[in-house]
file entry.tsv (TSV, N, CA and C atoms)
chain	number	residue	atom	x	y	z
A	1	MET	N	79.66	141.16	34.03
A	1	MET	CA	78.44	140.44	33.74
A	1	MET	C	77.95	139.71	34.98
A	2	ASN	N	76.65	139.61	35.10
A	2	ASN	CA	76.11	138.82	36.21
A	2	ASN	C	75.44	137.56	35.67
A	3	GLU	N	75.04	136.70	36.55
A	3	GLU	CA	74.53	135.40	36.13
A	3	GLU	C	73.20	135.47	35.39
A	4	LYS	N	72.52	136.60	35.43
A	4	LYS	CA	71.24	136.73	34.73
A	4	LYS	C	71.42	137.16	33.28
A	5	GLN	N	72.61	137.52	32.89
A	5	GLN	CA	72.88	137.91	31.51
A	5	GLN	C	73.25	136.68	30.69
A	6	LEU	N	73.02	136.77	29.41
A	6	LEU	CA	73.42	135.68	28.52
A	6	LEU	C	74.94	135.59	28.49
A	7	PRO	N	75.49	134.37	28.45
A	7	PRO	CA	76.95	134.24	28.44
A	7	PRO	C	77.56	134.66	27.10
A	8	LEU	N	78.72	135.27	27.19
A	8	LEU	CA	79.47	135.63	25.99
A	8	LEU	C	80.26	134.43	25.50
A	9	VAL	N	80.63	134.46	24.22
A	9	VAL	CA	81.51	133.42	23.70
A	9	VAL	C	82.85	133.51	24.44
A	10	THR	N	83.61	132.43	24.42
A	10	THR	CA	84.93	132.46	25.02
A	10	THR	C	85.89	133.24	24.14
A	11	HIS	N	87.06	133.55	24.68
A	11	HIS	CA	88.09	134.24	23.92
A	11	HIS	C	88.44	133.46	22.65
A	12	GLU	N	88.62	132.15	22.79
A	12	GLU	CA	88.97	131.30	21.64
A	12	GLU	C	87.83	131.27	20.62
A	13	GLN	N	86.60	131.18	21.07
A	13	GLN	CA	85.47	131.20	20.15
A	13	GLN	C	85.39	132.53	19.41
A	14	ALA	N	85.69	133.63	20.10
A	14	ALA	CA	85.68	134.95	19.46
A	14	ALA	C	86.71	135.01	18.33
A	15	ARG	N	87.90	134.49	18.58
A	15	ARG	CA	88.94	134.46	17.52
A	15	ARG	C	88.48	133.61	16.34
A	16	ARG	N	87.89	132.45	16.64
A	16	ARG	CA	87.44	131.56	15.58
A	16	ARG	C	86.29	132.18	14.78
A	17	LEU	N	85.38	132.85	15.47
A	17	LEU	CA	84.29	133.53	14.78
A	17	LEU	C	84.80	134.62	13.86
A	18	LYS	N	85.77	135.38	14.34
A	18	LYS	CA	86.35	136.45	13.52
A	18	LYS	C	86.96	135.85	12.25
A	19	LYS	N	87.68	134.76	12.40
A	19	LYS	CA	88.30	134.09	11.26
A	19	LYS	C	87.25	133.56	10.28
A	20	ALA	N	86.10	133.15	10.82
A	20	ALA	CA	85.01	132.62	9.99
A	20	ALA	C	84.20	133.73	9.31
A	21	GLY	N	84.47	134.99	9.68
A	21	GLY	CA	83.81	136.12	9.03
A	21	GLY	C	82.75	136.82	9.86
A	22	PHE	N	82.66	136.51	11.15
A	22	PHE	CA	81.67	137.18	12.00
A	22	PHE	C	81.98	138.67	12.04
A	23	ASN	N	80.98	139.49	11.68
A	23	ASN	CA	81.19	140.94	11.69
A	23	ASN	C	79.98	141.70	12.21
A	24	TRP	N	79.14	141.03	12.95
A	24	TRP	CA	77.99	141.72	13.53
A	24	TRP	C	78.44	142.60	14.68
A	25	GLU	N	77.74	143.70	14.86
A	25	GLU	CA	78.07	144.62	15.94
A	25	GLU	C	77.72	144.01	17.29
A	26	CYS	N	78.63	144.15	18.24
A	26	CYS	CA	78.44	143.62	19.59
A	26	CYS	C	78.81	144.68	20.61
A	27	ASP	N	78.27	144.53	21.80
A	27	ASP	CA	78.59	145.47	22.88
A	27	ASP	C	79.96	145.20	23.49
A	28	TRP	N	80.46	143.96	23.39
A	28	TRP	CA	81.68	143.57	24.06
A	28	TRP	C	82.73	143.13	23.05
A	29	VAL	N	84.00	143.32	23.41
A	29	VAL	CA	85.12	142.98	22.53
A	29	VAL	C	86.22	142.33	23.37
A	30	TYR	N	86.84	141.28	22.85
A	30	TYR	CA	88.05	140.72	23.47
A	30	TYR	C	89.26	141.40	22.84
A	31	LEU	N	90.26	141.71	23.65
A	31	LEU	CA	91.47	142.38	23.16
A	31	LEU	C	92.69	141.51	23.36
A	32	TRP	N	93.70	141.73	22.53
A	32	TRP	CA	95.01	141.12	22.74
A	32	TRP	C	96.05	141.98	22.05
A	33	GLU	N	97.27	141.90	22.53
A	33	GLU	CA	98.39	142.59	21.92
A	33	GLU	C	99.20	141.58	21.11
A	34	ASP	N	99.95	142.05	20.11
A	34	ASP	CA	100.79	141.15	19.33
A	34	ASP	C	101.73	140.38	20.24
A	35	GLY	N	101.75	139.07	20.08
A	35	GLY	CA	102.66	138.25	20.85
A	35	GLY	C	102.25	138.00	22.29
A	36	LYS	N	101.15	138.57	22.72
A	36	LYS	CA	100.71	138.39	24.11
A	36	LYS	C	99.30	137.83	24.13
A	37	GLU	N	99.09	136.85	24.97
A	37	GLU	CA	97.75	136.34	25.19
A	37	GLU	C	97.09	137.24	26.23
A	38	ASP	N	96.34	138.17	25.79
A	38	ASP	CA	95.66	139.12	26.66
A	38	ASP	C	94.17	138.90	26.51
A	39	LYS	N	93.55	138.31	27.50
A	39	LYS	CA	92.16	137.94	27.37
A	39	LYS	C	91.23	138.95	28.03
A	40	ARG	N	91.63	140.19	28.02
A	40	ARG	CA	90.75	141.20	28.60
A	40	ARG	C	89.50	141.36	27.75
A	41	ILE	N	88.43	141.68	28.40
A	41	ILE	CA	87.19	141.96	27.68
A	41	ILE	C	86.88	143.44	27.88
A	42	LEU	N	86.50	144.07	26.82
A	42	LEU	CA	86.30	145.51	26.81
A	42	LEU	C	84.82	145.82	26.70
A	43	SER	N	84.34	146.62	27.62
A	43	SER	CA	82.93	147.02	27.60
A	43	SER	C	82.76	148.23	26.68
A	44	PRO	N	81.54	148.55	26.33
A	44	PRO	CA	81.31	149.71	25.45
A	44	PRO	C	81.88	151.01	26.01
A	45	ALA	N	81.92	151.16	27.33
A	45	ALA	CA	82.38	152.40	27.93
A	45	ALA	C	83.88	152.61	27.76
A	46	ASN	N	84.63	151.55	27.50
A	46	ASN	CA	86.09	151.66	27.40
A	46	ASN	C	86.62	151.49	25.98
A	47	ARG	N	85.82	151.71	24.99
A	47	ARG	CA	86.23	151.47	23.61
A	47	ARG	C	87.33	152.40	23.12
A	48	GLY	N	87.63	153.46	23.85
A	48	GLY	CA	88.63	154.43	23.41
A	48	GLY	C	90.01	153.85	23.22
A	49	CYS	N	90.38	152.81	23.96
A	49	CYS	CA	91.72	152.23	23.84
A	49	CYS	C	91.78	151.12	22.80
A	50	MET	N	90.72	150.89	22.06
A	50	MET	CA	90.65	149.81	21.08
A	50	MET	C	91.76	149.90	20.04
A	51	GLY	N	92.17	151.08	19.66
A	51	GLY	CA	93.16	151.24	18.61
A	51	GLY	C	94.54	150.68	18.95
A	52	PHE	N	94.85	150.47	20.21
A	52	PHE	CA	96.15	149.97	20.62
A	52	PHE	C	96.25	148.45	20.56
A	53	TYR	N	95.15	147.78	20.36
A	53	TYR	CA	95.11	146.32	20.44
A	53	TYR	C	94.46	145.72	19.21
A	54	LYS	N	94.68	144.43	19.04
A	54	LYS	CA	93.87	143.67	18.10
A	54	LYS	C	92.69	143.16	18.90
A	55	GLY	N	91.60	142.86	18.23
A	55	GLY	CA	90.45	142.40	18.97
A	55	GLY	C	89.49	141.61	18.13
A	56	ALA	N	88.52	141.05	18.80
A	56	ALA	CA	87.46	140.30	18.16
A	56	ALA	C	86.17	140.56	18.93
A	57	SER	N	85.08	140.69	18.20
A	57	SER	CA	83.79	140.87	18.84
A	57	SER	C	83.51	139.74	19.79
A	58	ALA	N	82.85	140.05	20.87
A	58	ALA	CA	82.47	139.04	21.87
A	58	ALA	C	80.95	138.99	21.97
A	59	PRO	N	80.31	138.32	21.01
A	59	PRO	CA	78.85	138.23	21.07
A	59	PRO	C	78.41	137.25	22.15
A	60	THR	N	77.14	137.25	22.46
A	60	THR	CA	76.62	136.18	23.30
A	60	THR	C	76.65	134.90	22.46
A	61	VAL	N	76.66	133.78	23.14
A	61	VAL	CA	76.63	132.49	22.43
A	61	VAL	C	75.36	132.40	21.58
A	62	ALA	N	74.24	132.87	22.12
A	62	ALA	CA	72.98	132.84	21.38
A	62	ALA	C	73.07	133.65	20.09
A	63	LEU	N	73.70	134.83	20.13
A	63	LEU	CA	73.86	135.65	18.93
A	63	LEU	C	74.79	134.98	17.93
A	64	ALA	N	75.86	134.36	18.42
A	64	ALA	CA	76.78	133.66	17.52
A	64	ALA	C	76.07	132.52	16.80
A	65	LEU	N	75.19	131.80	17.50
A	65	LEU	CA	74.44	130.72	16.86
A	65	LEU	C	73.43	131.28	15.85
A	66	LYS	N	72.84	132.44	16.16
A	66	LYS	CA	71.94	133.08	15.19
A	66	LYS	C	72.73	133.46	13.94
A	67	TRP	N	73.95	133.95	14.11
A	67	TRP	CA	74.80	134.28	12.96
A	67	TRP	C	75.08	133.03	12.13
A	68	MET	N	75.33	131.91	12.80
A	68	MET	CA	75.56	130.64	12.08
A	68	MET	C	74.35	130.29	11.22
A	69	ARG	N	73.15	130.48	11.79
A	69	ARG	CA	71.94	130.16	11.04
A	69	ARG	C	71.70	131.15	9.90
A	70	ASP	N	71.85	132.44	10.19
A	70	ASP	CA	71.52	133.48	9.20
A	70	ASP	C	72.58	133.65	8.12
A	71	GLU	N	73.85	133.68	8.51
A	71	GLU	CA	74.92	133.99	7.56
A	71	GLU	C	75.57	132.75	6.93
A	72	LYS	N	75.69	131.69	7.70
A	72	LYS	CA	76.33	130.47	7.20
A	72	LYS	C	75.30	129.41	6.78
A	73	GLU	N	74.02	129.74	6.99
A	73	GLU	CA	72.91	128.87	6.60
A	73	GLU	C	73.03	127.47	7.19
A	74	LEU	N	73.41	127.42	8.46
A	74	LEU	CA	73.52	126.15	9.18
A	74	LEU	C	72.32	125.98	10.10
A	75	CYS	N	71.76	124.81	10.10
A	75	CYS	CA	70.68	124.48	11.02
A	75	CYS	C	71.33	124.00	12.32
A	76	CYS	N	71.18	124.76	13.39
A	76	CYS	CA	71.82	124.40	14.65
A	76	CYS	C	71.01	124.91	15.82
A	77	GLY	N	71.10	124.20	16.94
A	77	GLY	CA	70.38	124.60	18.12
A	77	GLY	C	70.60	123.61	19.24
A	78	VAL	N	69.76	123.68	20.25
A	78	VAL	CA	69.88	122.82	21.43
A	78	VAL	C	68.54	122.14	21.66
A	79	ALA	N	68.60	120.82	21.87
A	79	ALA	CA	67.41	120.04	22.20
A	79	ALA	C	67.36	119.80	23.70
A	80	CYS	N	66.18	119.84	24.26
A	80	CYS	CA	65.98	119.58	25.68
A	80	CYS	C	65.41	118.18	25.83
A	81	TRP	N	66.12	117.33	26.54
A	81	TRP	CA	65.69	115.97	26.81
A	81	TRP	C	65.43	115.82	28.30
A	82	ALA	N	64.81	114.74	28.68
A	82	ALA	CA	64.53	114.50	30.10
A	82	ALA	C	65.80	114.41	30.92
A	83	ILE	N	66.91	114.01	30.29
A	83	ILE	CA	68.17	113.83	31.03
A	83	ILE	C	69.16	114.97	30.84
A	84	GLY	N	68.81	115.98	30.06
A	84	GLY	CA	69.73	117.10	29.88
A	84	GLY	C	69.53	117.80	28.55
A	85	TYR	N	70.56	118.51	28.13
A	85	TYR	CA	70.53	119.32	26.91
A	85	TYR	C	71.59	118.82	25.95
A	86	GLN	N	71.28	118.87	24.64
A	86	GLN	CA	72.21	118.37	23.64
A	86	GLN	C	72.21	119.31	22.44
A	87	GLY	N	73.42	119.74	22.04
A	87	GLY	CA	73.55	120.55	20.85
A	87	GLY	C	73.33	119.69	19.62
A	88	GLN	N	72.64	120.26	18.62
A	88	GLN	CA	72.36	119.53	17.39
A	88	GLN	C	72.57	120.46	16.21
A	89	TYR	N	73.08	119.89	15.11
A	89	TYR	CA	73.22	120.65	13.88
A	89	TYR	C	73.19	119.70	12.69
A	90	ILE	N	72.95	120.26	11.52
A	90	ILE	CA	72.94	119.50	10.28
A	90	ILE	C	74.21	119.86	9.52
A	91	ASP	N	75.01	118.85	9.16
A	91	ASP	CA	76.26	119.14	8.43
A	91	ASP	C	75.95	119.45	6.97
A	92	ARG	N	76.97	119.78	6.21
A	92	ARG	CA	76.78	120.19	4.80
A	92	ARG	C	76.28	119.05	3.91
A	93	ASN	N	76.37	117.81	4.39
A	93	ASN	CA	75.85	116.66	3.65
A	93	ASN	C	74.45	116.28	4.12
A	94	ASN	N	73.82	117.16	4.89
A	94	ASN	CA	72.47	116.96	5.43
A	94	ASN	C	72.37	115.80	6.41
A	95	PHE	N	73.46	115.50	7.10
A	95	PHE	CA	73.44	114.49	8.15
A	95	PHE	C	73.29	115.19	9.49
A	96	PRO	N	72.38	114.69	10.34
A	96	PRO	CA	72.26	115.27	11.69
A	96	PRO	C	73.47	114.91	12.54
A	97	ARG	N	73.95	115.87	13.30
A	97	ARG	CA	75.08	115.67	14.21
A	97	ARG	C	74.66	116.12	15.60
A	98	HIS	N	75.26	115.51	16.61
A	98	HIS	CA	74.91	115.80	18.00
A	98	HIS	C	76.17	116.01	18.82
A	99	THR	N	76.07	116.87	19.81
A	99	THR	CA	77.16	117.04	20.77
A	99	THR	C	76.82	116.20	22.00
A	100	ILE	N	77.70	116.19	22.97
A	100	ILE	CA	77.46	115.39	24.17
A	100	ILE	C	76.33	115.99	25.01
A	101	MET	N	75.72	115.17	25.82
A	101	MET	CA	74.63	115.61	26.70
A	101	MET	C	75.22	116.48	27.82
A	102	ARG	N	74.55	117.57	28.13
A	102	ARG	CA	74.99	118.50	29.18
A	102	ARG	C	73.87	118.74	30.18
A	103	ASN	N	74.26	119.14	31.38
A	103	ASN	CA	73.28	119.48	32.42
A	103	ASN	C	72.75	120.91	32.26
A	104	LYS	N	73.55	121.77	31.60
A	104	LYS	CA	73.17	123.18	31.45
A	104	LYS	C	72.95	123.51	29.98
A	105	PHE	N	71.88	124.25	29.72
A	105	PHE	CA	71.54	124.67	28.37
A	105	PHE	C	72.69	125.47	27.74
A	106	THR	N	73.27	126.38	28.51
A	106	THR	CA	74.33	127.24	27.97
A	106	THR	C	75.58	126.44	27.59
A	107	ASP	N	75.87	125.36	28.31
A	107	ASP	CA	77.00	124.50	27.94
A	107	ASP	C	76.74	123.80	26.61
A	108	ALA	N	75.50	123.35	26.40
A	108	ALA	CA	75.14	122.71	25.14
A	108	ALA	C	75.22	123.71	23.99
A	109	GLN	N	74.82	124.96	24.23
A	109	GLN	CA	74.94	126.01	23.20
A	109	GLN	C	76.40	126.20	22.82
A	110	SER	N	77.27	126.29	23.81
A	110	SER	CA	78.70	126.49	23.55
A	110	SER	C	79.28	125.31	22.77
A	111	ASP	N	78.85	124.09	23.12
A	111	ASP	CA	79.32	122.90	22.41
A	111	ASP	C	78.93	122.93	20.93
A	112	VAL	N	77.68	123.29	20.65
A	112	VAL	CA	77.24	123.29	19.26
A	112	VAL	C	77.91	124.43	18.49
A	113	LEU	N	78.22	125.53	19.15
A	113	LEU	CA	78.97	126.60	18.50
A	113	LEU	C	80.36	126.10	18.12
A	114	ASP	N	81.05	125.44	19.04
A	114	ASP	CA	82.37	124.87	18.73
A	114	ASP	C	82.30	123.88	17.58
A	115	ALA	N	81.29	123.03	17.58
A	115	ALA	CA	81.15	122.01	16.54
A	115	ALA	C	80.92	122.65	15.16
A	116	THR	N	80.08	123.68	15.09
A	116	THR	CA	79.83	124.33	13.81
A	116	THR	C	81.03	125.15	13.35
A	117	LEU	N	81.75	125.75	14.29
A	117	LEU	CA	82.99	126.45	13.91
A	117	LEU	C	84.01	125.48	13.35
A	118	THR	N	84.15	124.32	13.95
A	118	THR	CA	85.08	123.31	13.44
A	118	THR	C	84.67	122.87	12.04
A	119	MET	N	83.38	122.70	11.81
A	119	MET	CA	82.92	122.31	10.49
A	119	MET	C	83.27	123.37	9.45
A	120	ILE	N	83.07	124.64	9.78
A	120	ILE	CA	83.41	125.73	8.85
A	120	ILE	C	84.92	125.77	8.60
A	121	GLU	N	85.71	125.61	9.64
A	121	GLU	CA	87.17	125.63	9.49
A	121	GLU	C	87.64	124.49	8.60
A	122	ASN	N	87.00	123.33	8.70
A	122	ASN	CA	87.39	122.19	7.87
A	122	ASN	C	86.98	122.33	6.41
A	123	GLU	N	86.04	123.23	6.13
A	123	GLU	CA	85.63	123.48	4.76
A	123	GLU	C	86.65	124.32	4.00
A	124	ASN	N	87.42	125.09	4.73
A	124	ASN	CA	88.37	126.02	4.08
A	124	ASN	C	89.73	125.40	3.89

call {"tool": "encode", "arguments": {"input": "entry.tsv", "output": "structure tokens"}}
result
Amino acid sequence: MNEKQLPLVTHEQARRLKKAGFNWECDWVYLWEDGKEDKRILSPANRGCMGFYKGASAPTVALALKWMRDEKELCCGVACWAIGYQGQYIDRNNFPRHTIMRNKFTDAQSDVLDATLTMIENEN
């Protein structure tokens, strides 16, 4: 990936998304073997070895947040302020929640993804 492409979720976020039920088709996949922390990322051209590993889809952070909105019915996104970017979401009790202020939009997106994943995990 180059810097002009949208960032993918992290390996840990991919595992958490899989556990939360993320099943949308993605071009990229994270792989691991039983008992081994293998954080390789597999491109579409190398999908042939997928059967030897466990894996999780590696969507872009933007796609993962769209999944949160569409499938989990969570209101979430990033606000742009004069001093930076802040992830925002509405919890299940309709209370607004905020993440810390960031200098980069993509960091704020990742923060709000982590926050909404934690909320879903705490519901189960």

call {"tool": "residues_around", "arguments": {"input": "entry.tsv", "residues": "region 101-110 of chain A", "least_positions_apart": "6", "cutoff": "7 Å", "atoms": "only N, CA and C atoms", "output": "list of chain:residue names"}}
result
A:Val61, A:Ala62, A:Gly77, A:Val78, A:Ile83, A:Gly84, A:Tyr85, A:Gln86, A:Gly87, A:Gln88

call {"tool": "axis_aligned_box", "arguments": {"input": "entry.tsv", "around": "region 99-108 of chain A", "padding_each_side": "8 Å", "output": "AutoDock Vina command-line options"}}
result
--center_x 74.6 --center_y 121.2 --center_z 26.1 --size_x 22.2 --size_y 28.1 --size_z 28.6

call {"tool": "atom_distance", "arguments": {"input": "entry.tsv", "atom1": "CA of Trp24 (chain A)", "atom2": "atom C of Arg92 (chain A)"}}
result
24.7 Å

call {"tool": "atom_distance", "arguments": {"input": "entry.tsv", "atom1": "atom N of Ser57 (chain A)", "atom2": "CA of Leu117 (chain A)"}}
result
15.0 Å

call {"tool": "atom_distance", "arguments": {"input": "entry.tsv", "atom1": "CA of Phe95 (chain A)", "atom2": "CA of Ala64 (chain A)"}}
result
21.6 Å

call {"tool": "closest_residue", "arguments": {"input": "entry.tsv", "among": "A:Cys80, A:Leu6, A:Cys75, A:Leu113", "to": "Pro96 (chain A)", "atoms": "only C-alpha atoms"}}
result
A:Cys75

call {"tool": "residues_around", "arguments": {"input": "entry.tsv", "residues": "Gln13 (chain A)", "least_positions_apart": "3", "cutoff": "9 Å", "atoms": "only C-alpha atoms", "output": "list in words"}}
result
Val9, Thr10, Arg16, Leu17, Lys18, Ala58, Ser110, Leu113, Asp114 and Leu117 of chain A

call {"tool": "closest_residue", "arguments": {"input": "entry.tsv", "among": "A:Arg15, A:Leu8, A:Ala56, A:Asp111", "to": "Tyr30 (chain A)", "atoms": "only C-alpha atoms"}}
result
A:Ala56

call {"tool": "closest_residue", "arguments": {"input": "entry.tsv", "among": "A:Cys26, A:Arg97, A:Lys54, A:Ala14", "to": "Met119 (chain A)", "atoms": "only C-alpha atoms"}}
result
A:Arg97
